[in-house]
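Raw run.cif, mmCIF, C-alpha atoms and all ligand atoms:
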data_upload
loop_
_atom_site.group_PDB
_atom_site.id
_atom_site.type_symbol
_atom_site.label_atom_id
_atom_site.label_comp_id
_atom_site.auth_asym_id
_atom_site.auth_seq_id
_atom_site.Cartn_x
_atom_site.Cartn_y
_atom_site.Cartn_z
ATOM 1 C CA MET A 1 0.000 0.000 0.000
ATOM 2 C CA GLU A 2 1.282 3.421 -0.962
ATOM 3 C CA ILE A 3 1.059 6.173 1.653
ATOM 4 C CA LEU A 4 -0.173 9.477 0.220
ATOM 5 C CA LYS A 5 1.643 12.170 2.161
ATOM 6 C CA GLY A 6 -0.049 15.514 2.754
ATOM 7 C CA ALA A 7 3.259 17.382 2.775
ATOM 8 C CA GLU A 8 3.909 16.574 -0.884
ATOM 9 C CA VAL A 9 0.480 17.852 -1.933
ATOM 10 C CA SER A 10 0.949 20.924 0.263
ATOM 11 C CA ALA A 11 4.287 21.691 -1.427
ATOM 12 C CA LYS A 12 2.608 21.619 -4.855
ATOM 13 C CA ILE A 13 -0.110 23.992 -3.637
ATOM 14 C CA LYS A 14 2.591 26.284 -2.253
ATOM 15 C CA GLY A 15 3.996 26.530 -5.780
ATOM 16 C CA GLU A 16 0.532 27.476 -7.088
ATOM 17 C CA VAL A 17 0.161 30.174 -4.409
ATOM 18 C CA GLN A 18 3.549 31.642 -5.283
ATOM 19 C CA GLU A 19 2.561 31.709 -8.951
ATOM 20 C CA LEU A 20 -0.752 33.415 -8.120
ATOM 21 C CA LEU A 21 1.028 36.109 -6.130
ATOM 22 C CA ALA A 22 4.037 36.597 -8.395
ATOM 23 C CA GLY A 23 4.440 40.268 -9.230
ATOM 24 C CA ILE A 24 2.198 41.445 -6.366
ATOM 25 C CA LYS A 25 3.802 44.450 -4.697
ATOM 26 C CA GLY A 26 3.284 45.606 -1.120
ATOM 27 C CA LYS A 27 2.124 43.614 1.871
ATOM 28 C CA PRO A 28 1.136 39.969 1.294
ATOM 29 C CA PRO A 29 -2.492 38.908 1.826
ATOM 30 C CA LYS A 30 -3.630 38.653 5.434
ATOM 31 C CA LEU A 31 -5.766 35.937 7.037
ATOM 32 C CA ALA A 32 -7.802 36.747 10.150
ATOM 33 C CA ILE A 33 -8.398 33.717 12.364
ATOM 34 C CA VAL A 34 -11.358 34.430 14.618
ATOM 35 C CA ARG A 35 -11.595 32.398 17.807
ATOM 36 C CA VAL A 36 -13.968 32.592 20.778
ATOM 37 C CA GLY A 37 -12.755 30.873 23.964
ATOM 38 C CA GLU A 38 -9.697 28.705 24.495
ATOM 39 C CA ASN A 39 -10.574 25.285 23.127
ATOM 40 C CA PRO A 40 -7.200 23.451 22.859
ATOM 41 C CA ASP A 41 -8.184 21.874 19.494
ATOM 42 C CA ASP A 42 -9.017 25.329 18.078
ATOM 43 C CA MET A 43 -5.759 26.751 19.424
ATOM 44 C CA SER A 44 -3.745 23.931 17.922
ATOM 45 C CA TYR A 45 -5.470 24.354 14.542
ATOM 46 C CA GLU A 46 -4.857 28.112 14.769
ATOM 47 C CA ARG A 47 -1.123 27.634 15.433
ATOM 48 C CA GLY A 48 -0.865 25.225 12.499
ATOM 49 C CA ALA A 49 -2.708 27.611 10.178
ATOM 50 C CA ILE A 50 -0.536 30.593 11.165
ATOM 51 C CA LYS A 51 2.627 28.554 10.622
ATOM 52 C CA LYS A 52 1.397 27.398 7.225
ATOM 53 C CA MET A 53 0.430 30.927 6.061
ATOM 54 C CA GLU A 54 3.835 32.242 7.111
ATOM 55 C CA SER A 55 5.661 29.371 5.390
ATOM 56 C CA PHE A 56 3.723 30.257 2.206
ATOM 57 C CA GLY A 57 4.782 33.933 2.518
ATOM 58 C CA LEU A 58 1.330 35.062 3.663
ATOM 59 C CA ARG A 59 0.251 36.952 6.785
ATOM 60 C CA ALA A 60 -2.039 35.588 9.512
ATOM 61 C CA GLU A 61 -3.335 37.122 12.715
ATOM 62 C CA SER A 62 -5.379 35.615 15.513
ATOM 63 C CA TYR A 63 -8.398 37.576 16.779
ATOM 64 C CA ALA A 64 -9.307 35.851 20.041
ATOM 65 C CA PHE A 65 -12.312 36.749 22.197
ATOM 66 C CA PRO A 66 -13.339 35.558 25.674
ATOM 67 C CA GLY A 67 -15.628 32.506 25.750
ATOM 68 C CA ASP A 68 -18.379 34.488 27.502
ATOM 69 C CA ILE A 69 -18.488 37.411 25.033
ATOM 70 C CA SER A 70 -22.085 38.435 24.327
ATOM 71 C CA ASP A 71 -23.761 37.898 20.985
ATOM 72 C CA GLY A 72 -23.948 41.653 20.371
ATOM 73 C CA ASP A 73 -20.339 42.387 21.324
ATOM 74 C CA PHE A 74 -19.025 39.529 19.196
ATOM 75 C CA LYS A 75 -21.045 40.636 16.176
ATOM 76 C CA ARG A 76 -19.686 44.188 16.513
ATOM 77 C CA GLU A 77 -16.100 42.880 16.689
ATOM 78 C CA PHE A 78 -16.709 40.480 13.837
ATOM 79 C CA MET A 79 -18.043 43.250 11.584
ATOM 80 C CA LYS A 80 -14.877 45.300 12.218
ATOM 81 C CA ILE A 81 -12.719 42.404 11.020
ATOM 82 C CA ASN A 82 -15.110 41.697 8.127
ATOM 83 C CA GLY A 83 -14.829 45.303 6.964
ATOM 84 C CA ASP A 84 -11.067 45.700 7.494
ATOM 85 C CA GLU A 85 -9.474 46.326 4.104
ATOM 86 C CA ASP A 86 -6.185 44.853 5.318
ATOM 87 C CA VAL A 87 -7.922 41.497 5.901
ATOM 88 C CA SER A 88 -8.372 39.519 2.686
ATOM 89 C CA GLY A 89 -9.785 36.358 4.241
ATOM 90 C CA ILE A 90 -11.412 35.104 7.434
ATOM 91 C CA LEU A 91 -11.339 31.713 9.129
ATOM 92 C CA LEU A 92 -13.921 31.404 11.900
ATOM 93 C CA LEU A 93 -13.167 28.581 14.344
ATOM 94 C CA ARG A 94 -16.371 26.717 15.170
ATOM 95 C CA PRO A 95 -18.549 25.754 16.884
ATOM 96 C CA LEU A 96 -19.063 29.089 18.622
ATOM 97 C CA PRO A 97 -20.341 29.132 22.227
ATOM 98 C CA GLY A 98 -24.126 28.778 22.545
ATOM 99 C CA GLN A 99 -24.841 32.442 23.325
ATOM 100 C CA ILE A 100 -23.653 33.489 19.854
ATOM 101 C CA ARG A 101 -26.046 32.889 16.983
ATOM 102 C CA GLU A 102 -23.700 31.152 14.557
ATOM 103 C CA ARG A 103 -26.271 31.276 11.754
ATOM 104 C CA ASP A 104 -26.186 35.105 11.881
ATOM 105 C CA ILE A 105 -22.392 35.116 11.509
ATOM 106 C CA GLU A 106 -22.625 32.776 8.509
ATOM 107 C CA GLU A 107 -24.933 35.329 6.917
ATOM 108 C CA MET A 108 -22.799 38.316 7.952
ATOM 109 C CA ILE A 109 -19.436 37.106 6.672
ATOM 110 C CA ASP A 110 -18.396 38.727 3.394
ATOM 111 C CA PRO A 111 -18.619 35.821 0.877
ATOM 112 C CA LYS A 112 -15.471 37.173 -0.812
ATOM 113 C CA LYS A 113 -13.528 36.756 2.467
ATOM 114 C CA ASP A 114 -15.236 33.519 3.528
ATOM 115 C CA LEU A 115 -12.307 31.171 2.919
ATOM 116 C CA ASP A 116 -13.909 28.107 4.556
ATOM 117 C CA GLY A 117 -17.220 28.309 2.700
ATOM 118 C CA ILE A 118 -19.636 28.944 5.586
ATOM 119 C CA SER A 119 -21.699 31.729 4.005
ATOM 120 C CA PRO A 120 -25.013 30.519 2.488
ATOM 121 C CA ILE A 121 -23.839 32.063 -0.803
ATOM 122 C CA ASN A 122 -20.718 29.903 -0.904
ATOM 123 C CA VAL A 123 -22.655 26.823 0.243
ATOM 124 C CA ALA A 124 -25.096 27.371 -2.631
ATOM 125 C CA LYS A 125 -22.267 27.834 -5.116
ATOM 126 C CA VAL A 126 -20.673 24.532 -4.084
ATOM 127 C CA PHE A 127 -24.013 22.777 -4.515
ATOM 128 C CA ALA A 128 -24.542 24.475 -7.900
ATOM 129 C CA GLY A 129 -21.086 23.404 -9.070
ATOM 130 C CA ASP A 130 -20.101 27.092 -9.410
ATOM 131 C CA ALA A 131 -16.336 27.307 -8.838
ATOM 132 C CA SER A 132 -16.432 31.081 -8.200
ATOM 133 C CA GLY A 133 -17.210 30.487 -4.506
ATOM 134 C CA PHE A 134 -15.082 28.964 -1.746
ATOM 135 C CA ALA A 135 -15.735 25.336 -0.748
ATOM 136 C CA PRO A 136 -14.927 24.217 2.798
ATOM 137 C CA CYS A 137 -11.140 23.709 2.838
ATOM 138 C CA THR A 138 -11.234 20.130 4.174
ATOM 139 C CA ALA A 139 -13.656 18.932 1.495
ATOM 140 C CA GLU A 140 -11.542 20.573 -1.203
ATOM 141 C CA ALA A 141 -8.385 19.089 0.340
ATOM 142 C CA VAL A 142 -9.709 15.566 -0.265
ATOM 143 C CA VAL A 143 -10.182 16.274 -3.982
ATOM 144 C CA GLU A 144 -6.769 17.926 -4.052
ATOM 145 C CA VAL A 145 -5.040 14.833 -2.597
ATOM 146 C CA LEU A 146 -6.556 12.741 -5.389
ATOM 147 C CA LYS A 147 -5.816 15.211 -8.195
ATOM 148 C CA GLN A 148 -2.261 16.011 -7.165
ATOM 149 C CA ASN A 149 -1.527 12.267 -7.010
ATOM 150 C CA ASP A 150 -3.050 11.752 -10.490
ATOM 151 C CA ILE A 151 -5.826 9.539 -9.152
ATOM 152 C CA ALA A 152 -8.783 9.708 -11.557
ATOM 153 C CA ILE A 153 -12.212 10.401 -10.047
ATOM 154 C CA THR A 154 -14.261 10.295 -13.255
ATOM 155 C CA GLY A 155 -16.588 7.306 -13.333
ATOM 156 C CA LYS A 156 -15.289 5.890 -10.038
ATOM 157 C CA ARG A 157 -17.471 4.595 -7.216
ATOM 158 C CA VAL A 158 -16.845 7.113 -4.425
ATOM 159 C CA VAL A 159 -18.157 6.327 -0.932
ATOM 160 C CA ILE A 160 -18.061 9.031 1.749
ATOM 161 C CA VAL A 161 -18.698 8.084 5.385
ATOM 162 C CA GLY A 162 -20.120 11.230 7.040
ATOM 163 C CA ARG A 163 -22.715 13.795 5.948
ATOM 164 C CA SER A 164 -21.782 16.963 7.843
ATOM 165 C CA LEU A 165 -22.075 20.365 6.209
ATOM 166 C CA VAL A 166 -18.338 20.874 6.794
ATOM 167 C CA VAL A 167 -17.041 17.717 5.132
ATOM 168 C CA GLY A 168 -19.396 14.997 3.836
ATOM 169 C CA LYS A 169 -22.058 17.018 2.014
ATOM 170 C CA PRO A 170 -19.826 19.554 0.224
ATOM 171 C CA LEU A 171 -17.379 16.779 -0.627
ATOM 172 C CA ALA A 172 -20.203 14.806 -2.257
ATOM 173 C CA MET A 173 -20.863 17.840 -4.480
ATOM 174 C CA LEU A 174 -17.179 18.332 -5.335
ATOM 175 C CA MET A 175 -16.841 14.632 -6.198
ATOM 176 C CA LEU A 176 -19.949 14.813 -8.414
ATOM 177 C CA LYS A 177 -18.428 17.807 -10.181
ATOM 178 C CA GLU A 178 -15.387 15.601 -10.861
ATOM 179 C CA ASN A 179 -17.756 12.985 -12.354
ATOM 180 C CA GLY A 180 -17.495 10.488 -9.496
ATOM 181 C CA THR A 181 -20.472 8.224 -8.743
ATOM 182 C CA VAL A 182 -21.100 9.210 -5.164
ATOM 183 C CA THR A 183 -22.672 7.436 -2.183
ATOM 184 C CA VAL A 184 -22.878 9.223 1.184
ATOM 185 C CA CYS A 185 -23.106 7.050 4.333
ATOM 186 C CA HIS A 186 -24.092 7.955 7.894
ATOM 187 C CA THR A 187 -25.198 6.366 11.164
ATOM 188 C CA ARG A 188 -28.446 5.056 9.637
ATOM 189 C CA THR A 189 -26.777 3.410 6.647
ATOM 190 C CA GLN A 190 -27.583 -0.290 6.393
ATOM 191 C CA ASP A 191 -24.699 -2.574 5.469
ATOM 192 C CA LEU A 192 -22.045 0.104 5.933
ATOM 193 C CA LYS A 193 -19.261 -2.458 5.535
ATOM 194 C CA GLY A 194 -20.620 -3.788 2.236
ATOM 195 C CA THR A 195 -21.221 -0.283 0.870
ATOM 196 C CA CYS A 196 -17.703 0.821 1.801
ATOM 197 C CA ARG A 197 -16.171 -2.359 0.351
ATOM 198 C CA GLY A 198 -17.751 -1.457 -3.000
ATOM 199 C CA ALA A 199 -15.867 1.852 -3.119
ATOM 200 C CA GLN A 200 -12.975 2.495 -5.467
ATOM 201 C CA ILE A 201 -12.380 5.708 -3.551
ATOM 202 C CA LEU A 202 -13.349 5.577 0.143
ATOM 203 C CA VAL A 203 -13.411 8.767 2.211
ATOM 204 C CA ALA A 204 -13.688 8.443 5.991
ATOM 205 C CA ALA A 205 -15.152 11.516 7.705
ATOM 206 C CA ALA A 206 -17.058 10.049 10.649
ATOM 207 C CA GLY A 207 -14.873 11.174 13.553
ATOM 208 C CA ARG A 208 -14.594 7.621 15.000
ATOM 209 C CA ALA A 209 -11.093 6.466 15.930
ATOM 210 C CA LYS A 210 -9.852 3.619 13.687
ATOM 211 C CA MET A 211 -13.427 2.578 12.915
ATOM 212 C CA LEU A 212 -12.776 1.536 9.317
ATOM 213 C CA ASP A 213 -10.659 -1.614 9.191
ATOM 214 C CA LYS A 214 -10.036 -4.072 6.367
ATOM 215 C CA ASP A 215 -13.656 -5.301 6.476
ATOM 216 C CA TYR A 216 -14.684 -1.909 5.075
ATOM 217 C CA VAL A 217 -12.085 -1.706 2.326
ATOM 218 C CA GLY A 218 -12.274 -3.289 -1.121
ATOM 219 C CA GLN A 219 -9.226 -4.675 -2.923
ATOM 220 C CA ASP A 220 -7.045 -1.880 -4.375
ATOM 221 C CA ALA A 221 -9.239 0.927 -3.073
ATOM 222 C CA VAL A 222 -7.873 4.428 -2.507
ATOM 223 C CA VAL A 223 -8.623 5.441 1.091
ATOM 224 C CA ILE A 224 -8.675 9.073 2.214
ATOM 225 C CA ASP A 225 -8.891 9.598 5.961
ATOM 226 C CA VAL A 226 -10.327 12.935 7.093
ATOM 227 C CA GLY A 227 -10.834 11.931 10.729
ATOM 228 C CA ILE A 228 -8.899 13.567 13.548
ATOM 229 C CA ASN A 229 -9.322 11.560 16.737
ATOM 230 C CA VAL A 230 -7.407 10.463 19.801
ATOM 231 C CA ASP A 231 -6.897 6.721 20.350
ATOM 232 C CA GLU A 232 -6.962 4.815 23.644
ATOM 233 C CA ASP A 233 -3.284 5.709 24.234
ATOM 234 C CA GLY A 234 -3.991 9.417 23.775
ATOM 235 C CA LYS A 235 -2.336 9.489 20.357
ATOM 236 C CA LEU A 236 -3.699 11.322 17.318
ATOM 237 C CA CYS A 237 -5.332 8.938 14.847
ATOM 238 C CA GLY A 238 -7.761 8.887 11.951
ATOM 239 C CA ASP A 239 -11.003 7.038 11.242
ATOM 240 C CA VAL A 240 -9.076 4.318 9.404
ATOM 241 C CA ASP A 241 -7.075 1.475 10.947
ATOM 242 C CA LEU A 242 -4.095 1.841 8.618
ATOM 243 C CA ASP A 243 -2.312 -1.348 9.781
ATOM 244 C CA SER A 244 -5.400 -3.442 9.156
ATOM 245 C CA ILE A 245 -5.943 -2.238 5.557
ATOM 246 C CA ARG A 246 -2.293 -2.501 4.467
ATOM 247 C CA ASP A 247 -2.812 -5.595 2.273
ATOM 248 C CA ARG A 248 -6.157 -4.420 0.929
ATOM 249 C CA ALA A 249 -5.920 -0.786 -0.135
ATOM 250 C CA ALA A 250 -3.772 0.439 -3.017
ATOM 251 C CA MET A 251 -3.187 3.835 -1.412
ATOM 252 C CA ALA A 252 -4.146 5.620 1.793
ATOM 253 C CA THR A 253 -3.535 8.897 3.608
ATOM 254 C CA PRO A 254 -2.089 8.765 7.148
ATOM 255 C CA VAL A 255 -3.206 10.703 10.243
ATOM 256 C CA PRO A 256 -1.367 12.837 11.142
ATOM 257 C CA GLY A 257 0.449 13.848 7.973
ATOM 258 C CA GLY A 258 -2.388 13.443 5.479
ATOM 259 C CA VAL A 259 -5.470 15.538 4.728
ATOM 260 C CA GLY A 260 -4.833 17.983 7.612
ATOM 261 C CA ALA A 261 -1.675 19.402 6.016
ATOM 262 C CA VAL A 262 -3.520 19.827 2.733
ATOM 263 C CA THR A 263 -6.473 21.580 4.400
ATOM 264 C CA THR A 264 -4.309 24.493 5.557
ATOM 265 C CA ALA A 265 -2.591 24.615 2.151
ATOM 266 C CA VAL A 266 -6.018 24.938 0.491
ATOM 267 C CA LEU A 267 -6.812 27.688 3.024
ATOM 268 C CA ALA A 268 -3.661 29.515 1.873
ATOM 269 C CA ARG A 269 -4.667 29.167 -1.775
ATOM 270 C CA HIS A 270 -8.134 30.506 -0.967
ATOM 271 C CA LEU A 271 -6.480 33.478 0.774
ATOM 272 C CA ALA A 272 -4.367 34.249 -2.293
ATOM 273 C CA GLU A 273 -7.428 33.935 -4.544
ATOM 274 C CA ALA A 274 -9.527 36.153 -2.251
ATOM 275 C CA PHE A 275 -6.758 38.805 -2.283
ATOM 276 C CA ILE A 276 -6.628 38.795 -6.068
ATOM 277 C CA ASN A 277 -10.455 38.829 -6.428
ATOM 278 C CA GLN A 278 -10.656 41.848 -4.119
ATOM 279 C CA GLY A 279 -8.195 43.672 -6.374
HETATM 280 P P1 LIG A 301 -19.507 15.438 12.488
HETATM 281 O O1 LIG A 301 -20.208 16.731 12.257
HETATM 282 O O2 LIG A 301 -19.534 14.811 13.850
HETATM 283 O O3 LIG A 301 -20.123 14.384 11.446
HETATM 284 C C1 LIG A 301 -19.783 13.042 11.464
HETATM 285 C C2 LIG A 301 -20.563 12.303 10.403
HETATM 286 O O4 LIG A 301 -20.159 10.944 10.431
HETATM 287 C C3 LIG A 301 -22.084 12.337 10.621
HETATM 288 O O5 LIG A 301 -22.735 12.509 9.383
HETATM 289 C C4 LIG A 301 -22.378 10.954 11.211
HETATM 290 O O6 LIG A 301 -23.642 10.439 10.835
HETATM 291 C C5 LIG A 301 -21.277 10.105 10.585
HETATM 292 N N1 LIG A 301 -20.935 8.994 11.462
HETATM 293 C C6 LIG A 301 -20.460 9.059 12.728
HETATM 294 N N2 LIG A 301 -20.288 7.822 13.239
HETATM 295 C C7 LIG A 301 -20.659 6.968 12.263
HETATM 296 C C8 LIG A 301 -20.749 5.566 12.191
HETATM 297 N N3 LIG A 301 -20.403 4.791 13.227
HETATM 298 N N4 LIG A 301 -21.177 5.019 11.033
HETATM 299 C C9 LIG A 301 -21.540 5.782 9.982
HETATM 300 N N5 LIG A 301 -21.496 7.123 10.001
HETATM 301 C C10 LIG A 301 -21.066 7.712 11.133
HETATM 302 O O7 LIG A 301 -17.982 15.515 12.084
HETATM 303 P P2 LIG A 301 -17.235 16.430 10.965
HETATM 304 O O8 LIG A 301 -17.142 17.826 11.452
HETATM 305 O O9 LIG A 301 -17.792 16.152 9.624
HETATM 306 O O10 LIG A 301 -15.774 15.792 11.059
HETATM 307 C C11 LIG A 301 -15.540 14.436 10.766
HETATM 308 C C12 LIG A 301 -14.124 14.093 11.168
HETATM 309 O O11 LIG A 301 -13.241 14.868 10.379
HETATM 310 C C13 LIG A 301 -13.756 14.428 12.624
HETATM 311 O O12 LIG A 301 -12.838 13.465 13.103
HETATM 312 C C14 LIG A 301 -13.077 15.770 12.529
HETATM 313 O O13 LIG A 301 -12.162 15.978 13.580
HETATM 314 C C15 LIG A 301 -12.370 15.626 11.220
HETATM 315 N N6 LIG A 301 -12.061 16.880 10.533
HETATM 316 C C16 LIG A 301 -10.837 16.960 9.963
HETATM 317 C C17 LIG A 301 -10.456 18.097 9.283
HETATM 318 C C18 LIG A 301 -9.107 18.134 8.610
HETATM 319 O O14 LIG A 301 -8.633 19.186 8.228
HETATM 320 N N7 LIG A 301 -8.468 16.985 8.398
HETATM 321 C C19 LIG A 301 -11.330 19.186 9.213
HETATM 322 C C20 LIG A 301 -12.629 19.059 9.757
HETATM 323 C C21 LIG A 301 -12.966 17.884 10.423
HETATM 324 P P3 LIG A 301 -25.052 11.112 11.283
HETATM 325 O O15 LIG A 301 -25.220 12.308 10.396
HETATM 326 O O16 LIG A 301 -26.066 10.045 11.022
HETATM 327 O O17 LIG A 301 -24.900 11.466 12.735
#
Rewrite the structure of this file - the entire thing - as structure tokens.
Ligand code: NAP
Amino acid sequence: MEILKGAEVSAKIKGEVQELLAGIKGKPPKLAIVRVGENPDDMSYERGAIKKMESFGLRAESYAFPGDISDGDFKREFMKINGDEDVSGILLLRPLPGQIRERDIEEMIDPKKDLDGISPINVAKVFAGDASGFAPCTAEAVVEVLKQNDIAITGKRVVIVGRSLVVGKPLAMLMLKENGTVTVCHTRTQDLKGTCRGAQILVAAAGRAKMLDKDYVGQDAVVIDVGINVDEDGKLCGDVDLDSIRDRAAMATPVPGGVGAVTTAVLARHLAEAFINQG
């Protein structure tokens, strides 16, 4: 089984970002990462994203607010960032605490700065197959791993485990756009193992540590693992039991070192595109 490394895909995307920004004078594009509270997972993602932007020659700044900020105060602060001409793109770390109406923020964010595709306008564009909007970075990262490794999607049986609005659903639309034949599975799916075994491309986005073992994987399948979980020893792991599928799958992404690294690279490319689109 070949291991598809995220770092190699990320390096290719870095080249694309540099090409996009070649000849741009003045300050590089700036990403605003908006965080409410101190969730360690959010903070770790934020550190990774800042590091990635800087390594791509881009700027990133964290805008952190206390976990008990009121709905009104947060919206006022958010609108300042949204309207700041120096900010070309925004990444909002979610979920937000319960007192903030997340739906309102999704509607308030400038679709041109909405790098992770949370605005209803960008969601609609993804579902319409309109590439002028931003898709959620993780969903796009899955397609990117396949494309950059020259793995054809056209005509293939693609099975996605997970139907969230962040990963599963938009990914189904992106895969359809690439002419895959898509099945989306969830907790009510009957014969999950059999359905997954029929996949030529299997994407795991369930958030269940090492749930998918060799019983879920067909011979020579390509397996993309989106999951980020912690195993019983407290170590980071994906939704796929990589050791178990070694003699079954043709290729698979590891966790860590797979889709996650590509997600932040896609975020960087979105930032460069947003900067250019905003002129
Ligand atoms: P989520 O909102 O919890 O959705 C999980 C989906 O998986 C749901 O649709 C759920 O089905 C389905 N599911 C859960 N357990 C299942 C089971 N036993 N059998 C079949 N389906 C099952 O999670 P998410 O936000 O989409 O994230 C999924 C995973 O990706 C998480 O591990 C998350 O940490 C990771 N993630 C990674 C990145 C990255 O950059 N690599 C980015 C975002 C998320 P129901 O709808 O029926 O409940």
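The gap separating CA of Leu236 (chain A) from CA of Lys12 (chain A) is 25.2 Å, in Å to one decimal.
Each of A:Ala250, A:Ile201, A:Leu4, A:Leu93 was checked against ligand LIG 301 (chain A) using only C-alpha atoms and all ligand atoms; the smallest atom-to-atom distance is that of A:Leu93.
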Between A:Gly227, A:Pro136, A:Gly72, A:Gly258, which is the closest to ligand LIG 301 (chain A) once you count all atoms listed in the file?
A:Gly227
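For the residues A:Arg269, A:Lys75, A:Lys169, A:Arg208, ranking by smallest atom-to-atom distance to Asp239 (chain A) using all atoms listed in the file places A:Arg208 first.
Of the listed residues (A:Cys237, A:Leu267, A:Ile151, A:Val226), A:Val226 comes nearest to ligand LIG 301 (chain A); the distances count only C-alpha atoms and all ligand atoms.
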Using the chain letters and numbers from the file, which residues does the PyMOL selection byres (((not hetatm)) within 9 of (chain A and resi 301)) grab, as an mmCIF file with C-alpha atoms, in the frame of the given file?
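Contents of out.cif, as written:
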data_model
loop_
_atom_site.group_PDB
_atom_site.id
_atom_site.type_symbol
_atom_site.label_atom_id
_atom_site.label_comp_id
_atom_site.auth_asym_id
_atom_site.auth_seq_id
_atom_site.Cartn_x
_atom_site.Cartn_y
_atom_site.Cartn_z
ATOM 1 C CA TYR A 45 -5.470 24.354 14.542
ATOM 2 C CA PRO A 136 -14.927 24.217 2.798
ATOM 3 C CA CYS A 137 -11.140 23.709 2.838
ATOM 4 C CA THR A 138 -11.234 20.130 4.174
ATOM 5 C CA ALA A 139 -13.656 18.932 1.495
ATOM 6 C CA ALA A 141 -8.385 19.089 0.340
ATOM 7 C CA VAL A 142 -9.709 15.566 -0.265
ATOM 8 C CA VAL A 161 -18.698 8.084 5.385
ATOM 9 C CA GLY A 162 -20.120 11.230 7.040
ATOM 10 C CA ARG A 163 -22.715 13.795 5.948
ATOM 11 C CA SER A 164 -21.782 16.963 7.843
ATOM 12 C CA LEU A 165 -22.075 20.365 6.209
ATOM 13 C CA VAL A 166 -18.338 20.874 6.794
ATOM 14 C CA VAL A 167 -17.041 17.717 5.132
ATOM 15 C CA GLY A 168 -19.396 14.997 3.836
ATOM 16 C CA LYS A 169 -22.058 17.018 2.014
ATOM 17 C CA VAL A 184 -22.878 9.223 1.184
ATOM 18 C CA CYS A 185 -23.106 7.050 4.333
ATOM 19 C CA HIS A 186 -24.092 7.955 7.894
ATOM 20 C CA THR A 187 -25.198 6.366 11.164
ATOM 21 C CA ARG A 188 -28.446 5.056 9.637
ATOM 22 C CA THR A 189 -26.777 3.410 6.647
ATOM 23 C CA LEU A 192 -22.045 0.104 5.933
ATOM 24 C CA ALA A 204 -13.688 8.443 5.991
ATOM 25 C CA ALA A 205 -15.152 11.516 7.705
ATOM 26 C CA ALA A 206 -17.058 10.049 10.649
ATOM 27 C CA GLY A 207 -14.873 11.174 13.553
ATOM 28 C CA ARG A 208 -14.594 7.621 15.000
ATOM 29 C CA ALA A 209 -11.093 6.466 15.930
ATOM 30 C CA MET A 211 -13.427 2.578 12.915
ATOM 31 C CA ASP A 225 -8.891 9.598 5.961
ATOM 32 C CA VAL A 226 -10.327 12.935 7.093
ATOM 33 C CA GLY A 227 -10.834 11.931 10.729
ATOM 34 C CA ILE A 228 -8.899 13.567 13.548
ATOM 35 C CA ASN A 229 -9.322 11.560 16.737
ATOM 36 C CA CYS A 237 -5.332 8.938 14.847
ATOM 37 C CA GLY A 238 -7.761 8.887 11.951
ATOM 38 C CA ASP A 239 -11.003 7.038 11.242
ATOM 39 C CA VAL A 255 -3.206 10.703 10.243
ATOM 40 C CA PRO A 256 -1.367 12.837 11.142
ATOM 41 C CA GLY A 258 -2.388 13.443 5.479
ATOM 42 C CA VAL A 259 -5.470 15.538 4.728
ATOM 43 C CA GLY A 260 -4.833 17.983 7.612
ATOM 44 C CA ALA A 261 -1.675 19.402 6.016
ATOM 45 C CA VAL A 262 -3.520 19.827 2.733
ATOM 46 C CA THR A 263 -6.473 21.580 4.400
ATOM 47 C CA THR A 264 -4.309 24.493 5.557
#
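Running the PyMOL selection byres (((chain A and resi 86) around 8) and not hetatm) on this file leaves Pro29, Lys30, Asp84, Glu85, Val87 and Ser88 of chain A selected.
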Would you export the selected residues with C-alpha atoms as a CSV table (one decimal), keeping the file's coordinate frame, please?
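Writing the result to out.csv gives the following:
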chain,number,residue,atom,x,y,z
A,29,PRO,CA,-2.5,38.9,1.8
A,30,LYS,CA,-3.6,38.7,5.4
A,84,ASP,CA,-11.1,45.7,7.5
A,85,GLU,CA,-9.5,46.3,4.1
A,87,VAL,CA,-7.9,41.5,5.9
A,88,SER,CA,-8.4,39.5,2.7
Since I can't run it myself right now, could you work out what the PyMOL selection byres (((chain A and resi 133) around 9) and not hetatm) selects here and report it as a ChimeraX atom specification?
/A:111-112,114-115,117,121-126,130-132,134-135
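Among the candidates A:Gly198, A:Gly23, A:Gly155, A:Gly129, the residue lying nearest to Leu171 (chain A) is A:Gly129 (atoms considered: only C-alpha atoms).
For region 178-182 of chain A, the list of residues within 6 Å, based on all atoms listed in the file and with local chain neighbours fewer than 4 positions off taken out, reads Ile153, Thr154, Gly155, Lys156, Arg157, Val158 and Val159 of chain A.
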Set the distance at 10 Å and use only C-alpha atoms: which residues neighbour Glu16 (chain A) once local chain neighbours fewer than 6 positions away are removed? I'd like the list as a list in words.
Ser10, Ala22, Arg269 and Ala272 of chain A
